[in-house]
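Q: My structure is in start23.tsv, and what it holds is TSV, C-alpha atoms and all ligand atoms:
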chain	number	residue	atom	x	y	z
S	1	MET	CA	-11.07	-13.72	11.22
S	2	ILE	CA	-11.73	-13.58	14.97
S	3	PHE	CA	-14.64	-11.22	14.33
S	4	ILE	CA	-16.52	-13.72	12.18
S	5	PRO	CA	-18.92	-15.06	14.87
S	6	LEU	CA	-19.81	-11.48	15.74
S	7	PHE	CA	-20.34	-10.63	12.09
S	8	LEU	CA	-22.63	-13.63	11.71
S	9	LEU	CA	-24.70	-12.27	14.57
S	10	PHE	CA	-24.98	-8.96	12.72
S	11	VAL	CA	-26.09	-10.77	9.56
S	12	PHE	CA	-28.80	-12.43	11.62
S	13	MET	CA	-29.87	-9.03	13.01
S	14	ASP	CA	-29.92	-7.59	9.49
S	15	TRP	CA	-32.19	-10.43	8.38
S	16	TYR	CA	-34.45	-10.01	11.42
S	17	LEU	CA	-34.81	-6.25	10.86
S	18	ALA	CA	-35.53	-6.77	7.16
S	19	LYS	CA	-38.23	-9.28	8.07
S	20	ARG	CA	-39.84	-6.94	10.57
S	21	LYS	CA	-39.87	-4.13	8.04
S	22	ASN	CA	-41.45	-6.47	5.47
S	23	LYS	CA	-38.34	-6.21	3.36
S	24	SER	CA	-37.53	-9.91	3.47
S	25	ALA	CA	-36.92	-9.81	-0.30
S	26	ALA	CA	-33.48	-8.46	0.66
S	27	PHE	CA	-32.58	-12.02	1.66
S	28	SER	CA	-32.94	-15.47	0.17
S	29	GLU	CA	-31.77	-18.69	1.74
S	30	SER	CA	-29.89	-19.91	-1.32
S	31	ASN	CA	-28.19	-16.54	-1.82
S	32	THR	CA	-27.08	-16.23	1.80
S	33	SER	CA	-25.68	-19.75	1.93
S	34	LEU	CA	-23.87	-19.19	-1.36
S	35	ASN	CA	-22.37	-15.99	0.08
S	36	PHE	CA	-21.12	-17.93	3.09
S	37	ILE	CA	-19.60	-20.70	0.98
S	38	ILE	CA	-17.74	-18.16	-1.17
S	39	GLY	CA	-16.76	-16.36	2.05
S	40	SER	CA	-15.21	-19.45	3.57
S	41	ILE	CA	-13.21	-20.21	0.42
S	42	GLN	CA	-11.97	-16.64	0.54
S	43	GLN	CA	-11.04	-16.91	4.24
S	44	ILE	CA	-8.69	-19.80	3.48
S	45	ALA	CA	-7.13	-17.91	0.58
S	46	THR	CA	-6.71	-14.82	2.76
S	47	VAL	CA	-4.08	-16.64	4.82
S	48	ILE	CA	-1.96	-16.95	1.71
S	49	SER	CA	-2.64	-13.57	0.16
S	50	PHE	CA	-2.04	-11.75	3.44
S	51	TYR	CA	1.17	-13.62	3.97
S	52	LEU	CA	2.29	-12.47	0.53
S	53	LEU	CA	1.06	-8.94	1.17
S	54	LEU	CA	2.78	-8.75	4.55
S	55	THR	CA	6.05	-10.09	3.16
S	56	CYS	CA	6.12	-7.69	0.21
S	57	VAL	CA	5.10	-4.66	2.31
S	58	ASN	CA	7.59	-5.41	5.11
S	59	TYR	CA	10.40	-6.08	2.69
S	60	THR	CA	9.80	-2.82	0.81
S	61	TYR	CA	9.43	-0.83	4.03
S	62	HIS	CA	12.62	-2.15	5.63
S	63	ASN	CA	14.80	-1.93	2.52
S	64	TYR	CA	13.50	0.73	0.18
S	65	ARG	CA	11.36	3.31	2.01
S	66	ILE	CA	12.21	6.91	1.14
S	67	THR	CA	10.85	8.59	4.30
S	68	THR	CA	9.86	7.51	7.80
S	69	LEU	CA	6.51	8.51	9.22
S	70	SER	CA	6.74	9.22	12.96
S	71	ASN	CA	4.33	7.49	15.34
S	72	ASN	CA	2.05	10.50	16.01
S	73	TRP	CA	-1.73	10.86	16.15
S	74	TYR	CA	-1.65	12.67	12.81
S	75	SER	CA	0.34	9.85	11.24
S	76	TRP	CA	-2.62	7.61	11.99
S	77	ILE	CA	-5.00	10.03	10.26
S	78	LEU	CA	-2.62	10.31	7.32
S	79	THR	CA	-2.33	6.51	7.10
S	80	TYR	CA	-6.12	6.15	7.16
S	81	LEU	CA	-6.51	8.72	4.38
S	82	ALA	CA	-3.74	7.07	2.35
S	83	ILE	CA	-5.29	3.61	2.67
S	84	ASP	CA	-8.72	4.97	1.79
S	85	PHE	CA	-7.39	6.87	-1.22
S	86	VAL	CA	-5.58	3.78	-2.47
S	87	ALA	CA	-8.68	1.65	-1.81
S	88	TYR	CA	-10.68	4.00	-4.02
S	89	TRP	CA	-8.27	3.46	-6.92
S	90	ILE	CA	-7.91	-0.29	-6.41
S	91	HIS	CA	-11.69	-0.49	-6.46
S	92	ARG	CA	-11.99	1.70	-9.54
S	93	PHE	CA	-9.42	-0.37	-11.41
S	94	SER	CA	-11.25	-3.50	-10.23
S	95	HIS	CA	-14.29	-2.36	-12.18
S	96	ARG	CA	-12.53	-0.97	-15.24
S	97	ILE	CA	-9.82	-3.55	-16.03
S	98	ASN	CA	-11.12	-6.90	-17.22
S	99	ILE	CA	-8.59	-9.18	-15.54
S	100	ILE	CA	-9.10	-7.49	-12.16
S	101	TRP	CA	-12.86	-7.27	-12.65
S	102	ALA	CA	-12.74	-11.05	-13.07
S	103	SER	CA	-11.95	-11.32	-9.35
S	104	HIS	CA	-14.15	-8.47	-8.12
S	105	ILE	CA	-17.25	-9.54	-10.08
S	106	THR	CA	-17.83	-12.30	-7.50
S	107	HIS	CA	-18.74	-9.62	-4.97
S	108	HIS	CA	-21.20	-8.05	-7.42
S	109	SER	CA	-22.88	-11.06	-9.02
S	110	SER	CA	-25.23	-11.51	-6.06
S	111	ASN	CA	-28.74	-10.35	-6.88
S	112	LYS	CA	-29.51	-9.73	-3.22
S	113	PHE	CA	-27.94	-7.04	-1.09
S	114	ASN	CA	-27.52	-7.52	2.67
S	115	LEU	CA	-24.77	-7.94	5.28
S	116	SER	CA	-24.01	-11.48	4.10
S	117	ASN	CA	-22.89	-9.93	0.80
S	118	SER	CA	-19.83	-8.57	2.64
S	119	PHE	CA	-18.52	-12.12	3.04
S	120	ARG	CA	-18.85	-12.77	-0.65
S	121	THR	CA	-15.48	-11.95	-2.17
S	122	SER	CA	-13.30	-13.90	-4.56
S	123	PRO	CA	-10.22	-15.70	-3.14
S	124	PHE	CA	-8.18	-13.82	-5.75
S	125	GLN	CA	-9.35	-10.34	-4.85
S	126	ASP	CA	-6.89	-9.67	-2.02
S	127	LEU	CA	-3.98	-10.04	-4.43
S	128	ASN	CA	-5.04	-6.81	-6.18
S	129	ARG	CA	-3.87	-4.87	-3.16
S	130	ILE	CA	-0.21	-5.96	-3.31
S	131	PRO	CA	1.25	-3.47	-5.87
S	132	PHE	CA	-0.58	-0.52	-4.29
S	133	TRP	CA	0.50	-1.34	-0.76
S	134	ILE	CA	4.10	-1.82	-1.87
S	135	LEU	CA	3.88	1.79	-3.07
S	136	LEU	CA	2.60	2.92	0.35
S	137	ALA	CA	5.45	1.11	2.11
S	138	PHE	CA	7.88	2.66	-0.35
S	139	ILE	CA	6.59	6.14	0.55
S	140	GLY	CA	7.20	5.28	4.22
S	141	PHE	CA	3.88	4.21	5.70
S	142	ASN	CA	4.50	1.86	8.59
S	143	PRO	CA	3.26	-1.71	7.82
S	144	GLN	CA	1.86	-2.19	11.32
S	145	MET	CA	-0.16	1.00	11.03
S	146	LEU	CA	-1.31	0.03	7.55
S	147	PHE	CA	-2.66	-3.31	8.72
S	148	THR	CA	-4.33	-1.86	11.84
S	149	VAL	CA	-6.05	0.83	9.80
S	150	PHE	CA	-7.06	-1.76	7.23
S	151	VAL	CA	-8.85	-3.86	9.86
S	152	VAL	CA	-10.81	-0.81	11.05
S	153	SER	CA	-11.77	0.24	7.52
S	154	SER	CA	-12.83	-3.34	6.63
S	155	ILE	CA	-15.17	-3.39	9.63
S	156	ILE	CA	-16.72	-0.09	8.54
S	157	GLU	CA	-17.04	-1.42	5.00
S	158	PHE	CA	-18.87	-4.50	6.30
S	159	PHE	CA	-21.68	-2.35	7.73
S	160	THR	CA	-22.31	-0.52	4.46
S	161	HIS	CA	-23.88	-3.68	2.99
S	162	THR	CA	-27.39	-3.32	4.39
S	163	GLN	CA	-30.79	-2.12	3.23
S	164	ASN	CA	-31.92	-1.48	6.79
S	165	ALA	CA	-30.43	1.99	7.14
S	166	PRO	CA	-32.10	5.22	6.04
S	167	LYS	CA	-30.24	7.98	4.20
S	168	LEU	CA	-27.87	9.54	6.70
S	169	LYS	CA	-28.24	13.27	5.95
S	170	TRP	CA	-24.97	15.23	6.39
S	171	MET	CA	-22.94	12.03	6.60
S	172	GLU	CA	-23.60	11.37	2.92
S	173	TYR	CA	-21.30	14.29	2.12
S	174	ILE	CA	-18.29	12.72	3.76
S	175	PHE	CA	-18.82	8.99	4.33
S	176	VAL	CA	-19.80	5.97	2.28
S	177	THR	CA	-23.20	5.27	3.86
S	178	PRO	CA	-25.28	2.12	3.27
S	179	SER	CA	-27.47	4.06	0.82
S	180	LEU	CA	-24.44	5.20	-1.20
S	181	HIS	CA	-22.92	1.72	-1.23
S	182	LYS	CA	-26.26	0.25	-2.29
S	183	VAL	CA	-25.97	2.47	-5.38
S	184	HIS	CA	-22.53	0.95	-6.03
S	185	HIS	CA	-24.10	-2.52	-6.16
S	186	GLY	CA	-26.83	-1.46	-8.61
S	187	LYS	CA	-26.90	-2.56	-12.25
S	188	ASN	CA	-29.13	0.37	-13.28
S	189	ASP	CA	-27.47	2.43	-16.04
S	190	LEU	CA	-27.40	5.40	-13.70
S	191	TYR	CA	-25.58	3.45	-11.00
S	192	ILE	CA	-22.99	1.47	-12.97
S	193	ASP	CA	-19.39	2.25	-11.90
S	194	LYS	CA	-20.32	4.75	-9.20
S	195	ASN	CA	-19.38	5.25	-5.52
S	196	TYR	CA	-16.10	3.33	-5.34
S	197	GLY	CA	-15.18	4.79	-1.93
S	198	SER	CA	-14.44	2.59	1.09
S	199	THR	CA	-14.85	4.83	4.17
S	200	PHE	CA	-14.87	8.32	2.64
S	201	ILE	CA	-17.08	9.29	-0.30
S	202	ILE	CA	-14.96	12.43	-0.90
S	203	TRP	CA	-12.79	10.63	-3.49
S	204	ASP	CA	-15.87	9.92	-5.61
S	205	ARG	CA	-16.93	13.54	-5.32
S	206	ILE	CA	-13.44	14.70	-6.34
S	207	PHE	CA	-12.90	12.23	-9.20
S	208	GLY	CA	-16.41	12.40	-10.67
S	209	THR	CA	-17.86	9.01	-9.78
S	210	PHE	CA	-20.36	10.12	-7.14
S	211	GLN	CA	-24.04	9.13	-7.44
S	212	GLU	CA	-26.86	9.58	-4.96
S	213	GLU	CA	-29.67	7.03	-4.57
S	214	THR	CA	-32.49	8.48	-6.65
S	215	GLU	CA	-34.21	5.45	-8.19
S	216	THR	CA	-34.89	1.92	-6.95
S	217	VAL	CA	-31.70	-0.12	-7.05
S	218	GLU	CA	-31.61	-3.34	-9.09
S	219	PHE	CA	-28.86	-5.55	-7.73
S	220	GLY	CA	-26.49	-7.83	-9.60
S	221	ILE	CA	-24.54	-7.79	-12.87
S	222	LYS	CA	-25.74	-7.04	-16.38
S	223	ALA	CA	-24.78	-10.35	-18.02
S	224	SER	CA	-28.07	-12.16	-18.60
S	225	SER	CA	-26.36	-15.51	-19.19
S	226	TYR	CA	-24.99	-15.67	-15.64
S	227	GLN	CA	-26.94	-17.73	-13.10
S	228	ASP	CA	-25.96	-17.29	-9.50
S	229	ASN	CA	-26.19	-20.83	-8.19
S	230	HIS	CA	-22.68	-22.21	-7.60
S	231	ALA	CA	-19.68	-20.94	-5.62
S	232	VAL	CA	-17.06	-22.11	-8.13
S	233	LYS	CA	-19.04	-20.54	-10.93
S	234	ALA	CA	-19.30	-17.26	-9.03
S	235	ILE	CA	-15.51	-17.26	-8.60
S	236	THR	CA	-14.43	-18.44	-12.05
S	237	TYR	CA	-17.26	-17.23	-14.31
S	238	TYR	CA	-15.63	-14.11	-15.69
S	239	TYR	CA	-12.17	-15.66	-16.14
S	240	LYS	CA	-13.79	-18.30	-18.33
S	241	ASP	CA	-15.80	-15.70	-20.18
S	242	LEU	CA	-12.66	-13.66	-20.85
S	243	PHE	CA	-10.82	-16.71	-22.04
S	244	LYS	CA	-13.64	-17.64	-24.37
S	245	ARG	CA	-13.53	-14.17	-25.92
S	246	TYR	CA	-9.72	-14.31	-26.05
S	247	LYS	CA	-9.95	-17.50	-28.12
S	248	ALA	CA	-12.47	-15.98	-30.50
S	249	ILE	CA	-10.38	-12.86	-31.18
S	250	THR	CA	-8.17	-13.08	-34.27
S	251	SER	CA	-5.98	-9.96	-33.98
S	252	LEU	CA	-2.92	-10.27	-31.76
S	253	LYS	CA	-3.25	-6.70	-30.50
S	254	GLU	CA	-6.81	-7.30	-29.35
S	255	LYS	CA	-5.83	-10.64	-27.82
S	256	ILE	CA	-3.60	-8.62	-25.46
S	257	LEU	CA	-6.02	-5.73	-25.03
S	258	ILE	CA	-8.93	-7.91	-23.89
S	259	TRP	CA	-7.28	-8.47	-20.48
S	260	ILE	CA	-6.84	-4.80	-19.64
S	261	MET	CA	-9.87	-3.17	-21.28
S	262	PRO	CA	-13.11	-2.31	-19.41
S	263	PRO	CA	-15.84	-5.01	-19.32
S	264	GLU	CA	-18.04	-3.35	-21.98
S	265	TRP	CA	-15.20	-3.21	-24.55
S	266	GLU	CA	-15.92	-5.16	-27.71
S	267	PRO	CA	-13.11	-6.37	-29.96
S	268	LYS	CA	-13.45	-5.80	-33.71
S	269	SER	CA	-11.60	-8.88	-34.89
S	270	ILE	CA	-13.95	-11.46	-33.47
S	271	GLN	CA	-14.87	-14.67	-35.30
S	272	SER	CA	-18.49	-14.94	-36.43
S	273	SER	CA	-20.96	-15.64	-33.64
S	274	GLN	CA	-21.55	-19.08	-35.09
S	275	SER	CA	-17.97	-20.12	-34.55
S	276	ILE	CA	-17.96	-18.63	-31.05
S	277	SER	CA	-20.87	-20.80	-30.02
S	278	ALA	CA	-19.14	-23.72	-31.67
S	279	ILE	CA	-16.18	-23.08	-29.37
S	280	ALA	CA	-18.42	-22.78	-26.35
S	281	ASN	CA	-20.17	-26.01	-27.13
S	282	SER	CA	-17.13	-28.11	-27.83
S	283	ASN	CA	-14.92	-29.48	-25.10
S	284	THR	CA	-12.54	-26.58	-25.74
S	285	LEU	CA	-14.18	-24.81	-22.84
S	286	GLU	CA	-13.37	-27.68	-20.54
S	287	ARG	CA	-9.79	-27.70	-21.76
S	288	ASN	CA	-9.70	-23.96	-21.19
S	289	SER	CA	-10.45	-24.45	-17.53
S	290	TYR	CA	-7.42	-26.75	-17.25
S	291	TYR	CA	-5.41	-24.18	-19.08
S	292	LEU	CA	-6.61	-21.50	-16.69
S	293	PHE	CA	-5.67	-23.47	-13.60
S	294	GLY	CA	-2.35	-24.32	-15.18
S	295	VAL	CA	-1.75	-20.59	-15.58
S	296	ILE	CA	-2.80	-19.81	-12.00
S	297	SER	CA	-0.68	-22.61	-10.62
S	298	LEU	CA	2.29	-21.45	-12.67
S	299	THR	CA	1.86	-17.86	-11.50
S	300	ILE	CA	1.65	-18.82	-7.84
S	301	ASN	CA	4.74	-21.01	-8.11
S	302	ILE	CA	6.71	-18.27	-9.82
S	303	LEU	CA	5.62	-15.86	-7.08
S	304	PHE	CA	6.72	-18.21	-4.31
S	305	PHE	CA	9.98	-18.94	-6.06
S	306	PHE	CA	10.58	-15.21	-6.32
S	307	LEU	CA	10.00	-14.92	-2.56
S	308	VAL	CA	12.49	-17.71	-1.92
S	309	LEU	CA	15.08	-15.85	-3.97
S	310	LEU	CA	14.37	-12.68	-1.99
S	311	PHE	CA	15.21	-14.47	1.25
S	312	LYS	CA	18.04	-16.58	-0.06
S	313	ASN	CA	20.59	-14.91	2.23
S	314	THR	CA	18.69	-15.67	5.40
S	315	MET	CA	18.06	-19.38	4.85
S	316	PRO	CA	20.28	-22.45	5.08
S	317	LYS	CA	21.74	-23.71	1.77
S	318	LEU	CA	20.04	-27.09	2.05
S	319	TYR	CA	16.72	-25.41	2.46
S	320	LEU	CA	17.27	-23.20	-0.55
S	321	PHE	CA	18.03	-26.34	-2.52
S	322	GLY	CA	14.79	-28.04	-1.37
S	323	TYR	CA	12.70	-25.00	-2.20
S	324	SER	CA	14.23	-24.63	-5.63
S	325	ILE	CA	13.55	-28.25	-6.58
S	326	TYR	CA	9.99	-27.99	-5.38
S	327	TYR	CA	9.08	-24.77	-7.15
S	328	ILE	CA	10.90	-25.48	-10.38
S	329	SER	CA	9.28	-28.89	-10.68
S	330	ASN	CA	5.91	-27.35	-9.88
S	331	MET	CA	6.40	-24.76	-12.58
S	332	LEU	CA	7.24	-27.40	-15.15
S	333	ILE	CA	4.21	-29.46	-14.17
S	334	ALA	CA	1.90	-26.45	-14.21
S	335	TYR	CA	3.24	-25.55	-17.63
S	336	LYS	CA	2.63	-29.07	-18.92
S	337	LEU	CA	-0.87	-29.09	-17.41
S	338	MET	CA	-1.89	-26.20	-19.59
S	339	PHE	CA	-1.47	-28.16	-22.78
S	340	LEU	CA	-2.33	-31.74	-21.95
S	341	PRO	CA	-5.71	-32.77	-23.28
S	342	ASN	CA	-5.66	-36.24	-21.73
S	343	MET	CA	-7.03	-36.66	-18.22
S	344	ARG	CA	-4.89	-39.70	-17.43
S	345	TYR	CA	-1.66	-37.77	-17.94
S	346	LYS	CA	-2.96	-34.99	-15.77
S	347	ILE	CA	-3.58	-37.36	-12.88
S	348	LEU	CA	-0.12	-38.87	-13.34
S	349	LEU	CA	1.40	-35.40	-13.22
S	350	LEU	CA	-0.52	-34.52	-10.08
S	351	LEU	CA	0.74	-37.70	-8.51
S	352	ILE	CA	4.36	-36.83	-9.32
S	353	LYS	CA	3.75	-33.37	-7.97
S	354	SER	CA	2.39	-34.70	-4.68
S	355	ILE	CA	5.33	-37.10	-4.30
S	356	VAL	CA	7.78	-34.25	-4.86
S	357	ALA	CA	5.89	-32.11	-2.34
S	358	ILE	CA	5.84	-34.82	0.34
S	359	THR	CA	9.53	-35.61	-0.18
S	360	VAL	CA	10.49	-31.98	0.17
S	361	VAL	CA	8.35	-31.54	3.27
S	362	LEU	CA	9.93	-34.59	4.90
S	363	PHE	CA	13.34	-33.30	3.90
S	364	VAL	CA	12.57	-29.94	5.48
S	365	TYR	CA	11.19	-31.55	8.60
S	366	VAL	CA	14.13	-33.84	9.14
S	367	PHE	CA	16.99	-31.48	8.32
S	368	ILE	CA	15.83	-28.03	9.27
S	369	ASN	CA	14.13	-26.88	12.42
S	370	HIS	CA	13.37	-23.38	11.38
S	371	GLN	CA	9.73	-22.97	12.28
S	372	LEU	CA	8.98	-19.90	10.21
S	373	HIS	CA	10.20	-21.58	7.06
S	374	LEU	CA	8.14	-24.63	7.85
S	375	ILE	CA	5.02	-22.46	8.13
S	376	TYR	CA	5.91	-20.77	4.86
S	377	PHE	CA	6.26	-24.11	3.19
S	378	ALA	CA	3.01	-25.44	4.63
S	379	VAL	CA	1.19	-22.37	3.33
S	380	SER	CA	2.57	-22.87	-0.13
S	381	ILE	CA	1.50	-26.50	-0.16
S	382	VAL	CA	-2.00	-25.66	1.08
S	383	CYS	CA	-2.06	-23.15	-1.74
S	384	GLN	CA	-1.24	-25.90	-4.26
S	385	LEU	CA	-3.88	-28.17	-2.81
S	386	LEU	CA	-6.49	-25.44	-3.06
S	387	ILE	CA	-5.69	-24.85	-6.70
S	388	PHE	CA	-6.25	-28.49	-7.45
S	389	LEU	CA	-9.35	-28.69	-5.34
S	390	LEU	CA	-10.77	-25.88	-7.45
S	391	TYR	CA	-9.43	-27.58	-10.52
S	392	LYS	CA	-11.30	-30.76	-9.61
S	393	LEU	CA	-14.47	-28.88	-8.71
S	394	ILE	CA	-14.59	-27.15	-12.04
S	395	LYS	CA	-14.38	-30.49	-13.77
S	401	ZN	ZN	-17.28	-2.91	-6.34
Let me see the structure of the file written as structure tokens.
A:
Amino acid sequence: MIFIPLFLLFVFMDWYLAKRKNKSAAFSESNTSLNFIIGSIQQIATVISFYLLLTCVNYTYHNYRITTLSNNWYSWILTYLAIDFVAYWIHRFSHRINIIWASHITHHSSNKFNLSNSFRTSPFQDLNRIPFWILLAFIGFNPQMLFTVFVVSSIIEFFTHTQNAPKLKWMEYIFVTPSLHKVHHGKNDLYIDKNYGSTFIIWDRIFGTFQEETETVEFGIKASSYQDNHAVKAITYYYKDLFKRYKAITSLKEKILIWIMPPEWEPKSIQSSQSISAIANSNTLERNSYYLFGVISLTINILFFFLVLLFKNTMPKLYLFGYSIYYISNMLIAYKLMFLPNMRYKILLLLIKSIVAITVVLFVYVFINHQLHLIYFAVSIVCQLLIFLLYKLIK
């Protein structure tokens, strides 16, 4: 986060160079500002997702690791390779599994490609890393090294989003260069699902997803119905789309499959197109968005509650009690939210929820002076607020 002003300067330089080279089509004002809006939403969410990531990774490392990597120079190289290898697979899954693609699509739905595109990631994307990093900690990779290496590789990744670099000769054999990453952002048939690498392109060469830049790249996603003009839309578009298809599917098996299949998968048991558009046109879609946020809210509350249980031995009993009330009531409310069609009830429920939250915070503040727990609690409340901000925006 501290690098952001510097990164903004680089975006400006990228724009200036593009203009001088008469390539100003690489930028558009509306696209760049949209990228920044999405980026700032993501920055807020990062606080939460990294807190979760850090907690899970540290906990696994300190309790369940099977080996211990010594603090040598070669451990750093090994850690970098491990992170990069894992990043390749996270990225590949992000393109091939619908429910994960729903968060990664935000990064790809921009029809311009420049440094400001690096900022454009969904607030949900960072969560994809958690299971993979738990595995790394389990193997014995030191969390501190993991996070340091991650910062370095993210900075390198940032600079691959530009059209102002030529092909980089021998480097294209080993590294993900701007030209190779440009290919990754193309919607040309030749370029779809290619070059998943983060720092090293070797994984793509090994696992058969490598593609050189041979024809002009067309940026963006294939869906013709998508219009890139709103941050919330860019973040929620594919979740809604998936949900719409889920509703239209009649077979139970396919209702489950839709979430884990690749984006181009088409279910067989779909209702006639007429009834699908009927669904899309009715207020079902609006209700679906409530349902979706109910689900997200429920998931986040279950996650936090799970974390509380993990730390139950290290926290005072009173505190445990406060946490439990808060999360259990939140879960019930989130569950109710999914099914309530009436707006008035929803507002009432939100009100109850806020009162519970404020009471618990006051309770925590008055009775317990454990700062770390207070921060934890604040983060979880900010998280709730964000969900409902989004929930309001989508309305
Ligand atoms: Zn991608």
Q: Can you work out the spacing between atom CA of S:Pro263 and atom CA of S:Asp228 in Å, to one decimal?
A: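 So the answer is 18.7 Å.
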Q: Would you list the residues that come within 10 Å of ligand ZN 401 (chain S)? Count all atoms listed in the file and give the answer as an NGL selection string.
A: :S and (88 or 90-95 or 101 or 104-108 or 181 or 184-186 or 192-198)
Q: With all atoms listed in the file as the counted atoms, please give the residues lying no more than 8 Å from S:Phe159, apart from itself and same-chain residues fewer than 3 positions off, as a list in words.
A: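 Counting all atoms listed in the file, the residues come to Leu115, Ile155, Ile156, Thr162 and Pro178 of chain S.
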Q: Closest to S:Leu78 among S:Ile333, S:Val57, S:Val149, S:Val295, using all atoms listed in the file?
A: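 Smallest distance to S:Leu78 is found for S:Val149.
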Q: Counting only C-alpha atoms, figure out which residue out of S:Pro131, S:Thr299, S:Gly140, S:Ile249 gets nearest to S:Thr67.
A: S:Gly140
Q: S:Ile83, S:Ile37, S:Leu17, S:Ile300: which is nearest S:Ala165, counting only C-alpha atoms?
A: S:Leu17
Q: Here is a test: counting all atoms listed in the file, which residue of S:Leu168, S:Leu146, S:Ile258, S:Leu303 is nearest to S:Arg96?
A: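 Of all the options, S:Ile258 lies closest to S:Arg96.
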Q: Tell me which protein, DNA and RNA residues are within 12 Å of S:Phe12, counting only C-alpha atoms, leaving out same-chain ones fewer than 5 positions away, and put them as a list of chain:residue names.
A: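 Skipping anything fewer than 5 positions along the chain leaves S:Pro5, S:Leu6, S:Phe7, S:Leu17, S:Ala18, S:Lys19, S:Phe27, S:Thr32, S:Asn114, S:Leu115, S:Ser116, S:Thr162.
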Q: Return the single residue from S:Ser224, S:Gln211, S:Asn164, S:Asn188 that is closest to S:Asp14, with distances computed using only C-alpha atoms.
A: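 Under the stated criterion, the closest residue is S:Asn164.
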Q: Using all atoms listed in the file, collect all residues at a distance of at most 12 Å from (1.3, 5.0, 13.9) as written in the file, then present them as a short mmCIF file (atom, residue, chain, number, x, y, z; two decimals) with C-alpha atoms, in the coordinates of the input.
A:
data_model
loop_
_atom_site.label_atom_id
_atom_site.label_comp_id
_atom_site.auth_asym_id
_atom_site.auth_seq_id
_atom_site.Cartn_x
_atom_site.Cartn_y
_atom_site.Cartn_z
CA THR S 68 9.86 7.51 7.80
CA LEU S 69 6.51 8.51 9.22
CA SER S 70 6.74 9.22 12.96
CA ASN S 71 4.33 7.49 15.34
CA ASN S 72 2.05 10.50 16.01
CA TRP S 73 -1.73 10.86 16.15
CA TYR S 74 -1.65 12.67 12.81
CA SER S 75 0.34 9.85 11.24
CA TRP S 76 -2.62 7.61 11.99
CA ILE S 77 -5.00 10.03 10.26
CA LEU S 78 -2.62 10.31 7.32
CA THR S 79 -2.33 6.51 7.10
CA TYR S 80 -6.12 6.15 7.16
CA GLY S 140 7.20 5.28 4.22
CA PHE S 141 3.88 4.21 5.70
CA ASN S 142 4.50 1.86 8.59
CA PRO S 143 3.26 -1.71 7.82
CA GLN S 144 1.86 -2.19 11.32
CA MET S 145 -0.16 1.00 11.03
CA LEU S 146 -1.31 0.03 7.55
CA PHE S 147 -2.66 -3.31 8.72
CA THR S 148 -4.33 -1.86 11.84
CA VAL S 149 -6.05 0.83 9.80
#
Q: So which one's closest to S:Val151, S:Ser297, S:Asn117, S:Asp84, S:Tyr246? Using all atoms listed in the file, please.
A: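 When distances to S:Val151 are compared using all atoms listed in the file, the smallest one comes from S:Asp84.
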Q: Write out as a list in words which residues come within 12 Å of S:Lys253 when counting all atoms listed in the file, dropping same-chain ones fewer than 6 positions away.
A: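 What passes the distance filter is Tyr246, Trp259, Ile260, Met261, Pro267, Lys268 and Ser269 of chain S.
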Q: Please produce a file of those selected residues containing C-alpha atoms, as a tab-separated table (two decimals), in the frame of the given file.
A:
chain	number	residue	atom	x	y	z
S	246	TYR	CA	-9.72	-14.31	-26.05
S	259	TRP	CA	-7.28	-8.47	-20.48
S	260	ILE	CA	-6.84	-4.80	-19.64
S	261	MET	CA	-9.87	-3.17	-21.28
S	267	PRO	CA	-13.11	-6.37	-29.96
S	268	LYS	CA	-13.45	-5.80	-33.71
S	269	SER	CA	-11.60	-8.88	-34.89
Q: Do a neighbour search on S:Asn111 at 7 Å with all atoms listed in the file, toss out local chain neighbours closer than 2 positions, and write the hits as a VMD selection string.
A: chain S and resid 109 113 219 to 220
Q: Could you work out how far atom CA of S:Asn98 lies from atom CA of S:Phe306, giving the answer in Å with one decimal?
A: 25.7 Å
Q: When you look at S:Leu127 with a cut-off of 10 Å (counting only C-alpha atoms), what residues show up, excluding the ones that are within fewer than 5 positions of it in the same chain? I need them as a list in words.
A: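 With the cut-off at 10 Å, the set is Ala45, Thr46, Ile48, Ser49, Phe50, Leu52, Leu53, Ile100 and Ser103 of chain S.
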Q: Would you compute the distance between atom CA of S:Met331 and atom CA of S:Ile302? Give it in Å to one decimal.
A: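 Separating atom CA of S:Met331 from atom CA of S:Ile302 is a distance of 7.1 Å.
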Q: Where atoms are absent from stretch 178-183 of chain S, fill them in so it carries N, CA and C atoms, then output it as a CSV table (one decimal), keeping the file's coordinate frame.
A:
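Below is the file result-v3.csv, written as the result:
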chain,number,residue,atom,x,y,z
S,178,PRO,N,-24.6,3.3,3.9
S,178,PRO,CA,-25.3,2.1,3.3
S,178,PRO,C,-26.0,2.5,2.0
S,179,SER,N,-26.7,3.6,2.0
S,179,SER,CA,-27.5,4.1,0.8
S,179,SER,C,-26.5,4.3,-0.4
S,180,LEU,N,-25.4,4.9,-0.1
S,180,LEU,CA,-24.4,5.2,-1.2
S,180,LEU,C,-23.8,3.9,-1.7
S,181,HIS,N,-23.5,3.0,-0.8
S,181,HIS,CA,-22.9,1.7,-1.2
S,181,HIS,C,-23.9,0.8,-2.0
S,182,LYS,N,-25.2,1.0,-1.6
S,182,LYS,CA,-26.3,0.2,-2.3
S,182,LYS,C,-26.2,0.7,-3.8
S,183,VAL,N,-26.1,1.9,-4.0
S,183,VAL,CA,-26.0,2.5,-5.4
S,183,VAL,C,-24.8,1.8,-6.1
